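Read the structure below first, then the notes.
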Amino acid sequence: MIPTQKNAAPPFADLLKTDIRAGPGSIVKARLDRRCPPIHLLPVGATGTQHLQIEGQLTSLRTLSIARSPQPKPPSAWLRGALFATALAFLTTAPTPAAANDIKAANFLLDNGMEVVVIPDHRAPIVTHMVWYKVGSADEPPGKSGIAHFFEHLMFKGTANHGAGELDRAVAEVGGSLNAFTSYDYTAFYERVAPSAVEQMMSFEADRMRNLTLTDDVINTERDVVREERRLRVDNNPEALLDEEVVTTLWQSQPYRIPVIGWMHEIEKLDRNDAVAFYDNYGPNNAVLVVAGDIEPEAVKALAEKTYGKVPCGPDLPPRERPSEPVQNTRRTLTLSDGRVSVPIFSRYWVVPSYRTAEPGEAEALDLLARILAGGNRSRLYQELVVKQGIAAAADADFEGTMLDAGKFSIRGWPRGDAELADVEAAVDAEIARIARNGITSDELEKTKNRYIRSFLFAHDEQDSVAGMYGATLATGGNGKDVEEWPDRIRKVTADQVKAVAARYLVSDHSTTGYLLPKEN
Amino acid sequence: MMTNQLRRAIPQALPSPFGQGWRLACWLPVLCLAIFFLTLPARTARAALNIQEVKSEKGITAWLVEDHTLPIVTLQFVFDGGTSQDPADKEGLVNLMTGLFDEGAGDHDGDTFQVRLDDAGAEMSFHARPDGIYVSVRMLSQRQDAAFDLIRLALNRPRFDQEPFDRIRAQLLSGIIANEREPHAIGRDAWRRRLYGTHPYSRPPEGTKESLARITPADLSAFHKAAFAREGLHVAVVGDIDAKALSARLDQLFGDLPQKQALAPVPDVTPKLGQWTLVAYALPQTSLQLAFPGIGRSDPEFYAAQLINDILGGSPFTSRLFQEVREKRGLAYGVSSSLEGHQHSNTLVVTTSTRADRAAETLDLIRQVIKELVDTGPTAAELDASKKYLIGAYAIRNLGSSRAISATLLRLQLDKRGIDYIQHRPALIEQVTLEEVRAAAKKLLSVEPAIMGVGPRLAGDSE
């Protein structure tokens, strides 16, 4: 599909998907370890509720006595990030409205290692309740592609305490919505409900964190659902088919090469044993709770201790150390010709640093570079290729930087009229080379920053966008401060830094490109 | 990227009667079918929704929810008369026009206009839908002077200069060409034509290669003049602005527009059901859709229809179709039904995508589920659960953000609901009886539907 609506407002719903900011740093401290807190640090007190374990899961779970403190402790660290005020201050010299200070995030840790972020927003009687697990497709064992996503589906099946569909019905009864998603580095589950239903949601989530019932019946049917999901998203669509293989070619060693949904031949073989083994990743010590909306941090803390706080710590999990990429010395290309294609597309990818792996400022510079190239109708590619030269129908650039390991940068272009795909490709290369050689103007940088920070402000209109920013950041090794200080860091990027990342990373001789072409019958 | 995140279930990317442009235009939650799920929670909200009706000196009316939490003003408005106003040989005219409002206005050429709007910290987008032109604006309240002034210019004095006109038309043309051999896009076009014959709803909203070539900038100016008038205007505003300030802004934006619209009459149309369409293509998965009669939002039986739709396939994870097709048999990733309401036609549409080798089985199953619902009706427990869902879901789906709220306020005005509708709505749903829901099931779902498949020929299909 060609994005012809070049003047559409930024897709804020998508912020959850691709625009989540993160970076290294430490406020509580970036929690990269996923071990249970040492026993001797646990407060002494009553033993937490022991949930019944079923279906052979006992063998894979370590039962820890976790206690609640007799008195609610003051939160270990309250983040008082005045997100909006901070961002606004960077956007403009005008006085900051006092009301903007109302957005604050609180952050604390439960005794069993579960992290909690609360972002109060009292505009409407709605709460977005999300549980993020620090496990995604890049954490799958070899040969088991798709298990992370498949397991996400299985989380909606019955537990020892609740039958399959009970959560769905409970959410429907209060008019809420729920869903879940899986990515390379995380898997998240969420419910959107009235504040009065939050405790019930916590209780359901805490229950399915450890008490899932996994039977062959349930697994066989759900595997068929996932196969249909793969057909819908990938196999039925030539662009997606090509994209999948381009990404697999881009990464030679890093597990990001494996599609999140999994390869069909491996999905078909996933079984109960695989699911049971993968369940080890689900425990409070590997989870982040994000609650945004009409609720106070104190209330969240009390409810979370009552529900999640009683879930025993899961097994200690190994550090998330994955194979990393070798240096790329070639230009790799892939071609798919398909009878459904009438307008060809090229998409070019590079491995680049992520917010977690980059030198200070580099990831921010890459984020700005993507927007300088193709962020709306004032961007370089739009102005040069679509307006001036008139050879492209559209051009896109994207930096995926909220990753535990390296990130990726991509550009795609569609020719228009009599122009050839090669013309568009050459013009894109020329524009990147121009930035790498001559840099960007200070005006261009300033306006791109303003636009980008503005989109961050506008994103605060949507609870899920804000919750998503925190969740993805914390699940990929960042912390709340990384989110809150992001506008500040964007503001500090210099024109030289943008020029440097273009020159260093966007080298077309060391890129991976897919060509989707018509097939002449 | 497409597979970066996978969701448990998302709305299906299936052909909608109004195609891709239609779906893109559906980003406003309320303006899509989510609108059907409304109400305020029984709980006394900390943030109660206080809707004010603001009337300007020049008589422009807007619904406003003041909210000074964030320094943002969100504005959404509609001019009646969307793509169904396209002349028969100039399909795509209205859609093309909506691509040009930030390409020059008043004394500003496109470049100047875009730079100034950007500097003002405002975003503005236009979307053509079958029955209206939807405009969405959001701005930082502290820079609203400049923003309102630019939007006033765009609405009152768009230039439709030749260069941007040619460019945007060429972009749209590329989109049309890109879809020429794409079976689902072909299916969308076929579906519209089969359902609506020669009615304006049958036409492709983005136009055709031939029709786009016939459109001139003068056509756009003429339509702008005919449609952008105070009479067919509906306005909703949420955010950091009070009633007094808004009143002045309304006159600034709209006060100089002509009083009356000059639109072509669009007749009501009954979609042609009881037919079967196959867009044959060797795909691993077959998309299916079934169209039944729908019901208008002002119809007294609307709530009963809404409840039966919810029980059948409207409720995301608990509906009968979801349970039977996905949960019990794993035949599809998504299956749902929705009431699709337009000004001149209503349908209830069931959609799914299912493995090609078992598509016939899935279709039979869907029809069996529907038949059972018609024959024996929903149970009292199902009705009760559905009522609770429809009542509770209103706030959560429609009042969660400034955008959602303003879209809701707009929808309520378009549906001619009273300003206190949100308070009454729970009772309207509560009072629907089991008999009424069963009657609605019979009325809508016992009709032979229009069915379309996109994929390989179905087993046993004789066509």
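We name chains A, B, ... following the order of the structure tokens; residues begin at 1 in each chain, and ligands are numbered from 1 as shown.
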Run DSSP on the backbone of this structure and report the residues of segment 104-139 of chain B it assigns to alpha helix (DSSP H), as number ranges by chain.
-> B: 110-119
For the residues selected in the previous step, produce a file with C-alpha atoms as a CSV table (one decimal), in the first residue's frame.
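See selection.csv below for the written result:
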chain,number,residue,atom,x,y,z
B,110,GLY,CA,2.0,25.6,-0.3
B,111,ASP,CA,5.5,25.9,1.0
B,112,THR,CA,4.7,29.0,3.1
B,113,PHE,CA,1.5,27.6,4.4
B,114,GLN,CA,3.2,24.3,5.5
B,115,VAL,CA,6.1,26.1,7.2
B,116,ARG,CA,3.8,28.5,9.0
B,117,LEU,CA,1.5,25.7,10.2
B,118,ASP,CA,4.4,23.7,11.4
B,119,ASP,CA,5.9,26.7,13.2
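Near Gln431 of chain B, within a cut-off of 10 Å and counting only C-alpha atoms, sit the residues Tyr303, Ala304, Lys387, Pro426, Ala427 and Glu436 of chain B, with same-chain residues fewer than 4 positions away left out.
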Selected residues written out with N, CA and C atoms, as a compact mmCIF listing (two decimals), in the first residue's frame:
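So the final result, stored in result_4.txt, reads:
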# COMPACT_ATOMS: atom_id res chain seq x y z
N TYR B 303 -31.16 -0.43 19.07
CA TYR B 303 -30.44 -1.02 20.21
C TYR B 303 -30.58 -2.54 20.24
N ALA B 304 -31.75 -3.02 19.81
CA ALA B 304 -31.93 -4.47 19.73
C ALA B 304 -30.97 -5.04 18.69
N LYS B 387 -25.62 -6.49 27.22
CA LYS B 387 -26.04 -5.18 27.71
C LYS B 387 -24.95 -4.56 28.57
N PRO B 426 -27.68 4.29 28.73
CA PRO B 426 -27.78 3.01 29.44
C PRO B 426 -29.22 2.52 29.54
N ALA B 427 -30.15 3.43 29.82
CA ALA B 427 -31.55 3.03 29.96
C ALA B 427 -32.10 2.53 28.63
N GLU B 436 -37.54 -8.56 21.77
CA GLU B 436 -37.12 -7.57 20.78
C GLU B 436 -35.81 -7.97 20.11
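With distances restricted to only C-alpha atoms, B:Asn50 is the closest residue to chain A from B:Asn50, B:Gln306, B:Thr347, B:Gln368.
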Skip Glu199 of chain A itself and residues of its chain fewer than 2 positions away, then list as number ranges by chain all residues within 9 Å of it, counting only C-alpha atoms.
-> A: 195-197, 201-204, 300, 303-304, 306-307
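Each of B:Val279, B:Leu383, B:Leu312, B:Leu412 was checked against Val349 of chain B using only C-alpha atoms; the smallest atom-to-atom distance is that of B:Leu312.
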Near-segment 259-275 of chain A list (10 Å; only C-alpha atoms; drop same-chain fewer than 4 positions) as an MDAnalysis selection string = (chainID A and resid 136:138 140:141 143:152 154 182:185 214:220 223:224 226:227 229:231 233:235 243:245 247:248 255 279:280) or (chainID B and resid 2:6)
Name all residues at most 8 Å from Leu140 of chain B (count only C-alpha atoms; drop same-chain ones fewer than 6 positions away) and give them as a PyMOL selection string.
-> chain B and resi 71-73+121-122
Near Arg358 of chain B, within 10 Å and counting only C-alpha atoms, which residues show up once chain neighbours fewer than 5 positions away are dropped, as a VMD selection string?
-> chain B and resid 285 to 286 331 363 458 to 459
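For Ser211 of chain B, the residues within 8 Å (counting only C-alpha atoms, excluding itself and residues fewer than 4 positions away along the chain) are B:Asp89, B:Lys90, B:Glu91, B:Gly92, B:Gly207, B:Ile215.
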Export, as a compact mmCIF listing (two decimals), in the first residue's frame, the selected residues with N, CA and C atoms.
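Result file follows (out24.txt):
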# COMPACT_ATOMS: atom_id res chain seq x y z
N ASP B 89 -18.68 11.01 -13.55
CA ASP B 89 -17.49 10.83 -14.39
C ASP B 89 -16.24 11.40 -13.72
N LYS B 90 -16.39 11.86 -12.47
CA LYS B 90 -15.24 12.45 -11.78
C LYS B 90 -15.08 11.84 -10.38
N GLU B 91 -15.18 10.52 -10.33
CA GLU B 91 -14.98 9.86 -9.05
C GLU B 91 -13.59 10.20 -8.52
N GLY B 92 -13.50 10.40 -7.22
CA GLY B 92 -12.21 10.72 -6.62
C GLY B 92 -12.02 12.21 -6.39
N GLY B 207 -11.40 7.17 -6.81
CA GLY B 207 -11.53 7.41 -8.23
C GLY B 207 -10.87 6.32 -9.06
N ILE B 215 -10.49 15.44 -13.77
CA ILE B 215 -10.74 16.45 -12.74
C ILE B 215 -9.77 17.63 -12.91
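The shortest atom-to-atom distance to chain A, with only C-alpha atoms taken into account, belongs to B:Leu390 out of B:Ala222, B:Ala62, B:Leu409, B:Leu390.
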Expected answer as a PyMOL selection string: strand (DSSP E or B) residues in segment 323-439 of chain A | chain A and resi 332-338+345-352+392-400+407-415
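Shortest separation to Phe165 of chain B among B:Leu150, B:Leu212, B:Ala190, B:Ala178 occurs at residue B:Leu212, atoms counted being only C-alpha atoms.
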Closest of A:Gly376, A:Gly477, A:Pro318, A:Gly439 to chain B, counting only C-alpha atoms, is A:Gly376
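The smallest atom-to-atom distance between chain B and any of A:Val276, A:Val428, A:Ile391, A:Leu445, using only C-alpha atoms, is found for A:Ile391.
What separates atom CA of Glu115 of chain A from atom CA of Phe399 of chain A is a distance of 27.4 Å.
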Would you mind reading off the distance between atom CA of Gly390 of chain A and atom CA of Ala374 of chain A, one decimal, in Å?
-> 15.3 Å
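Going from atom CA of Ile295 of chain B to atom CA of Arg425 of chain B covers 17.4 Å.
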